[in-house]
Structure formats: C-alpha cells, structure tokens
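A short worksheet on the structure shown next.
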Amino acid sequence: MALTDTAITELRAEFPALQQKAGEKPLVFLDGPGGTQVHGSVIEAMGEYLTSANSNAGGPFLFSERTDETMLSARRALADLLNASRPEEIVFGPNMTSLTFNLSRAIGQTLSPGDEIVVTRLDHDANIAPWLALEERGIVLRHVDFDPSDCTLEMGSLEEAITPRTKLVAMGYASNAVGTVNDVARVASLAHATGAWLYVDAVHYAPHGPIDVQALNCDFLVCSVYKFFGPHLGALYGRYRLLDSLPAYKARPAGNAPPHKFETGTPSFEAMAGTTAAVDYLASIGQGYGAEHASEYAEFSDRRLDLKTGMAAIRAYETGLCKRMLAGLQEIPGIQIYGITDPARLDHRVPTLSFTLEGISPQEIAKRLNDANIFAWSGNFYALAVTERLGLEGHGGLLRVGLVHYNTAEEVDYFLGVLGDMPR
C-alpha cells in the first residue's frame, strides 16, 4: 500500500505539534526546510531516557550501562539510515555546522599551501565557510557556479574546477534554498579520479529520499536529525579509515579511535535516544507503505530495507504534492519561481519551492501567511551564495515553502488560496 491521503491522516495523528491550533484554526507547517516537527515516539524516547537512563557514559552501573546502549543504538540507527559499513563511522555533534568546522580543521592539518578545495555557490554557507577558513593556511578555494535559469550546478565548470591539486570537493545533496538535487555519485567519480575526497551536505535531502553512502561512494556525509522529525543533533558519516587517519582536535578524556575522538565532551544522550526513535519511525513507514518499492532494494534486509522503502514511499508522495503546489504557484500573476519548474524533472528536486512575488517583499508575504496560520521562511536561509548569485541579496531574498510527508493536498490548496488573494 502506498502513502495515500488516508495514510497521511493517520501518520499526522502521531505528531503532537500537528494537532495544535491558533485561534481555533489548524497550523500549516510549510517551514520544514528550517526544521520539521517531531514524531511522538521521539518525545517519548527522550523522556524515557531522562527518567530511566540519565547518566554519563562508561560507568559500571545500570543507568550508565543504559546510556552506553543508548549511544550505540543511535549509531546503529544512523548507520542503517545511511547504509554505512559500521556504527563506528557515525560521529555525533551539536549540529552539522559544528561537525563540518571540526572536520575542516582536521582535514586542514593534512593539506599544504597551494592545495585546492572545490565548493559550490548552490550550497548552504555551512558547507562553504568552514572550507573558506582554511584559506589562512594557504589553501586555494575554487567556486563552482550554477545556472540561474533552473538553479542546477554547471557540471562542466565543476569538472574544470577539479584539478590534480584538488584535495576535497564539498557539495550539497540538495539545495536548501531552491531544492535542486545534485548528482552526488557523478561528482564522487570526478573527485576520486584525481585522488580527492568528497564531503556531502545531506541536511536538506535527508527528509525526502533514501541515502546510501556506499552507492554514492562519498567519503563524508553530514545531516541533521531535526530535519527528519527528530531532536536537534548533528550526525557525520565518514569512511572509517579516513576518520581513523585524520588528526582530531580533542581533550584527553576523549578516546583515540573513531568516532569518539571527534566527540569531545559530554554529548546529548537524550537526543541520541530521540534519534533512534526518529529512524525507527521512518522504518515503520517502509513496513506499512513501502512494499511496492521493495524490488528496488533487493540487496537490503531488516531495518535497512524498511528505511529504503519508507523513504522511497515518502519521495513518491512528496513528488505529487510538489507537482500540485508548483502548478498552483505558476497560475499566480507576478510570481517568479527559482529552480526546476518542469514537472517532468521533479526527480531532480526536493519539494522546496522558493519564489518572489511582484509588489510585495518576501518578509511581508511571510507575515501575512502567518496571519493565516501558515508557517514559511523568508530571506536567504544561510544560502547566501545562492541569493547573491540570483541578485536577491539586499532585496529581501526569497519566500520559501517546503513540503514534507506530513503535509496534505488540502494544506497546499489553502496556502495557494491565501497567497493568490494577497493584496499588493
């Protein structure tokens, strides 16, 4: 059985925030790109940890042993979600940005003046600024542009940017500003052909489709659990041999082997408990609604199979919603949509749609949407390079709406009606 309107209604009932109202009217969450709402099982798991396992790790007593198991369970869950080879390839941190800065410093220790790093103008600044910081060590950054007409990477320019001096390519799986999905596997091949590593920001893609780090052949991949229905926690995948070989900035109590050498200080164990619950929730979607996708993932079994089929079911459902919203937006006079708009190419984008509307600023649109209980973001979303390239920085940026699987066709139609009726 696929994800139908009935199924989505049942799943929505499992999200406490989706039951909230303001002025007796439901809330419409189109702010998913900035963080999704949390599944009920995540809230329960975090509360359970705090009442029955709250302790530091590594002790010879019950609560500490439960904390150790909580941490290992979370690593196993993320390894299953990303199809990592082993749990030790998963590093946790407060957020993706902190993890990337940490790894950029570690990787910087292995580089020499004149070595090159390739970044793209389609990325969130969290996958640009940490690499820019290495310029003080004499590292050269090369910037790859994107085509403003559809906001897709200029692959020819990317190929030219990768040279024998390139040591790392940093790119996003999907743009948090305009929704473009990049060909990560192809870039991995280009990078590896010169001996470079590939660092992938999958924060924005993770809620929308299956991720397989082994099939992508990337060397590092980062994501944020709060973007896929869990708590505020960052996660990094790295090939074990690379994590093992890299120097780590750490305090002495941290272990010397991955992943602990990159996790200085006491982490949020309760967030790890919530992370496992969030992954199990996604797996439950595969169990209930992913059967039609099972043949696509015949090499997987158990939770890894459920996660792949569940995320595939989510991708299929969201594509339908995205097509509906895109068609409605295109009927509104004065609108300029940025990114892929061809319905035949929706497999190259996630359901994040950003636009400007003639006669009204993005900030004013967001305020008026809020008056109608619709949550949406305006500005540059820390994808500063995108709004600069589009000529929108300093002019209010973009209005961004993002769909996830708990959104409905009724919410899309309500949003389109409110937007279309806005006086200008």
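Chain labels run A, B, ... following the order of the structure tokens; each chain numbers its residues from 1, and ligands are numbered from 1 in the order shown.
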Checklist entry - What lies within 6 Å of Gly238 (chain A) using only C-alpha atoms, ignoring chain neighbours under 3 positions off, as a count of residues only? => result 3
Next on the checklist: For Ala291 (chain A), find every residue with an atom within 12 Å (counting only C-alpha atoms), except residues of its own chain fewer than 5 positions away, and show them as a PyMOL selection string.
Outcome noted: chain A and resi 1-3+283-286+296-298+305-313
Give me a file of those residues, with N, CA, C and O atoms, as a PDB file, in the first residue's frame.
ATOM      1  N   MET A   1       0.843  -1.191   0.000  1.00  0.00           N
ATOM      2  CA  MET A   1       0.000   0.000   0.000  1.00  0.00           C
ATOM      3  C   MET A   1       0.879   1.242   0.000  1.00  0.00           C
ATOM      4  O   MET A   1       1.836   1.348   0.759  1.00  0.00           O
ATOM      5  N   ALA A   2       0.581   2.205  -0.871  1.00  0.00           N
ATOM      6  CA  ALA A   2       1.335   3.447  -0.962  1.00  0.00           C
ATOM      7  C   ALA A   2       0.854   4.442   0.093  1.00  0.00           C
ATOM      8  O   ALA A   2      -0.170   4.229   0.756  1.00  0.00           O
ATOM      9  N   LEU A   3       1.589   5.531   0.232  1.00  0.00           N
ATOM     10  CA  LEU A   3       1.160   6.610   1.120  1.00  0.00           C
ATOM     11  C   LEU A   3       0.004   7.353   0.459  1.00  0.00           C
ATOM     12  O   LEU A   3       0.184   8.056  -0.534  1.00  0.00           O
ATOM     13  N   ALA A 283      11.483   3.877   9.442  1.00  0.00           N
ATOM     14  CA  ALA A 283      11.434   2.461   9.075  1.00  0.00           C
ATOM     15  C   ALA A 283      10.004   1.935   9.129  1.00  0.00           C
ATOM     16  O   ALA A 283       9.609   1.091   8.307  1.00  0.00           O
ATOM     17  N   SER A 284       9.209   2.432  10.071  1.00  0.00           N
ATOM     18  CA  SER A 284       7.817   1.972  10.169  1.00  0.00           C
ATOM     19  C   SER A 284       7.013   2.368   8.934  1.00  0.00           C
ATOM     20  O   SER A 284       6.069   1.664   8.552  1.00  0.00           O
ATOM     21  N   ILE A 285       7.380   3.470   8.297  1.00  0.00           N
ATOM     22  CA  ILE A 285       6.707   3.849   7.056  1.00  0.00           C
ATOM     23  C   ILE A 285       7.011   2.826   5.968  1.00  0.00           C
ATOM     24  O   ILE A 285       6.138   2.448   5.179  1.00  0.00           O
ATOM     25  N   GLY A 286       8.246   2.353   5.943  1.00  0.00           N
ATOM     26  CA  GLY A 286       8.587   1.299   4.990  1.00  0.00           C
ATOM     27  C   GLY A 286       7.821   0.025   5.260  1.00  0.00           C
ATOM     28  O   GLY A 286       7.336  -0.639   4.332  1.00  0.00           O
ATOM     29  N   GLU A 296      13.229  -2.562  -5.662  1.00  0.00           N
ATOM     30  CA  GLU A 296      14.316  -1.630  -5.976  1.00  0.00           C
ATOM     31  C   GLU A 296      15.483  -1.791  -5.017  1.00  0.00           C
ATOM     32  O   GLU A 296      16.590  -1.320  -5.318  1.00  0.00           O
ATOM     33  N   TYR A 297      15.240  -2.441  -3.887  1.00  0.00           N
ATOM     34  CA  TYR A 297      16.253  -2.532  -2.835  1.00  0.00           C
ATOM     35  C   TYR A 297      16.443  -3.977  -2.392  1.00  0.00           C
ATOM     36  O   TYR A 297      16.534  -4.280  -1.200  1.00  0.00           O
ATOM     37  N   ALA A 298      16.546  -4.854  -3.358  1.00  0.00           N
ATOM     38  CA  ALA A 298      16.615  -6.295  -3.068  1.00  0.00           C
ATOM     39  C   ALA A 298      17.859  -6.669  -2.273  1.00  0.00           C
ATOM     40  O   ALA A 298      17.886  -7.721  -1.617  1.00  0.00           O
ATOM     41  N   LEU A 305      16.295  -2.253   4.842  1.00  0.00           N
ATOM     42  CA  LEU A 305      15.302  -2.367   3.777  1.00  0.00           C
ATOM     43  C   LEU A 305      14.097  -1.492   4.087  1.00  0.00           C
ATOM     44  O   LEU A 305      13.605  -0.763   3.212  1.00  0.00           O
ATOM     45  N   ASP A 306      13.613  -1.540   5.305  1.00  0.00           N
ATOM     46  CA  ASP A 306      12.448  -0.729   5.679  1.00  0.00           C
ATOM     47  C   ASP A 306      12.730   0.763   5.495  1.00  0.00           C
ATOM     48  O   ASP A 306      11.851   1.521   5.062  1.00  0.00           O
ATOM     49  N   LEU A 307      13.948   1.174   5.817  1.00  0.00           N
ATOM     50  CA  LEU A 307      14.292   2.588   5.665  1.00  0.00           C
ATOM     51  C   LEU A 307      14.346   2.994   4.194  1.00  0.00           C
ATOM     52  O   LEU A 307      13.866   4.073   3.819  1.00  0.00           O
ATOM     53  N   LYS A 308      14.900   2.146   3.376  1.00  0.00           N
ATOM     54  CA  LYS A 308      14.972   2.487   1.950  1.00  0.00           C
ATOM     55  C   LYS A 308      13.576   2.539   1.343  1.00  0.00           C
ATOM     56  O   LYS A 308      13.248   3.469   0.585  1.00  0.00           O
ATOM     57  N   THR A 309      12.741   1.567   1.644  1.00  0.00           N
ATOM     58  CA  THR A 309      11.394   1.567   1.053  1.00  0.00           C
ATOM     59  C   THR A 309      10.531   2.668   1.656  1.00  0.00           C
ATOM     60  O   THR A 309       9.704   3.273   0.961  1.00  0.00           O
ATOM     61  N   GLY A 310      10.726   2.948   2.932  1.00  0.00           N
ATOM     62  CA  GLY A 310       9.971   4.027   3.566  1.00  0.00           C
ATOM     63  C   GLY A 310      10.310   5.375   2.967  1.00  0.00           C
ATOM     64  O   GLY A 310       9.424   6.184   2.656  1.00  0.00           O
ATOM     65  N   MET A 311      11.593   5.638   2.775  1.00  0.00           N
ATOM     66  CA  MET A 311      11.990   6.913   2.189  1.00  0.00           C
ATOM     67  C   MET A 311      11.591   6.992   0.715  1.00  0.00           C
ATOM     68  O   MET A 311      11.279   8.081   0.212  1.00  0.00           O
ATOM     69  N   ALA A 312      11.576   5.862   0.027  1.00  0.00           N
ATOM     70  CA  ALA A 312      11.103   5.868  -1.361  1.00  0.00           C
ATOM     71  C   ALA A 312       9.612   6.185  -1.423  1.00  0.00           C
ATOM     72  O   ALA A 312       9.147   6.915  -2.314  1.00  0.00           O
ATOM     73  N   ALA A 313       8.850   5.647  -0.475  1.00  0.00           N
ATOM     74  CA  ALA A 313       7.415   5.948  -0.420  1.00  0.00           C
ATOM     75  C   ALA A 313       7.189   7.426  -0.118  1.00  0.00           C
ATOM     76  O   ALA A 313       6.298   8.064  -0.705  1.00  0.00           O
TER      77      ALA A 313
END
Next on the checklist: List the spatial neighbours of Leu392 (chain A) as a PyMOL selection string - criterion: any atom at most 10 Å away, only C-alpha atoms, same-chain residues fewer than 5 positions off excluded.
Outcome noted: chain A and resi 356+379-380+384+386-387+397-398
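Our summary of the geometry notes that CA of Asp201 (chain A) is positioned 29.3 Å from CA of Tyr49 (chain A).
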Next on the checklist: as a ChimeraX atom specification, please: the residues near Pro247 (chain A) (cut-off 8 Å, only C-alpha atoms, same-chain neighbours under 3 positions excluded).
Outcome noted: /A:106-107,109
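Excluding Ala7 (chain A) itself and any same-chain residue fewer than 4 positions from it, the protein and nucleic acid residues within 12 Å of it, counting only C-alpha atoms, are Met1, Ala2, Leu3, Leu11, Arg12, Ala13, Glu14, Ile285, Gly288, Tyr289, Ala313, Ile314, Tyr317, His405, Tyr406, Asn407 and Thr408 of chain A.
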Checklist entry - Which value, in Å to one decimal, gives the distance between CA of Leu198 (chain A) and CA of Asp347 (chain A)? => result 22.5 Å
Next on the checklist: List the spatial neighbours of Ala174 (chain A) as a VMD selection string - criterion: any atom at most 7 Å away, only C-alpha atoms, same-chain residues fewer than 2 positions off excluded.
Outcome noted: chain A and resid 172 176 179 to 182 202 204 to 205
Would you save the residues of that selection, restricted to N, CA and C atoms, as a compact mmCIF listing (two decimals), in the first residue's frame?
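As a result, out02.txt now contains:
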# COMPACT_ATOMS: atom_id res chain seq x y z
N GLY A 172 26.45 20.02 -1.77
CA GLY A 172 25.20 19.63 -1.15
C GLY A 172 24.52 18.53 -1.93
N ASN A 176 19.10 23.80 0.01
CA ASN A 176 18.08 24.19 0.98
C ASN A 176 17.35 25.45 0.53
N GLY A 179 15.99 23.77 -3.77
CA GLY A 179 15.52 22.39 -3.89
C GLY A 179 16.26 21.49 -4.85
N THR A 180 17.23 22.00 -5.60
CA THR A 180 17.93 21.19 -6.59
C THR A 180 18.63 19.99 -5.96
N VAL A 181 18.43 18.80 -6.55
CA VAL A 181 19.14 17.59 -6.13
C VAL A 181 20.33 17.40 -7.06
N ASN A 182 21.51 17.29 -6.48
CA ASN A 182 22.73 17.16 -7.27
C ASN A 182 23.12 15.71 -7.49
N ALA A 202 24.07 16.60 3.35
CA ALA A 202 22.78 15.96 3.05
C ALA A 202 21.68 16.43 3.99
N HIS A 204 19.54 18.85 3.82
CA HIS A 204 18.25 19.16 3.21
C HIS A 204 17.65 17.99 2.46
N TYR A 205 18.47 17.05 2.03
CA TYR A 205 17.93 15.90 1.30
C TYR A 205 17.37 14.83 2.23
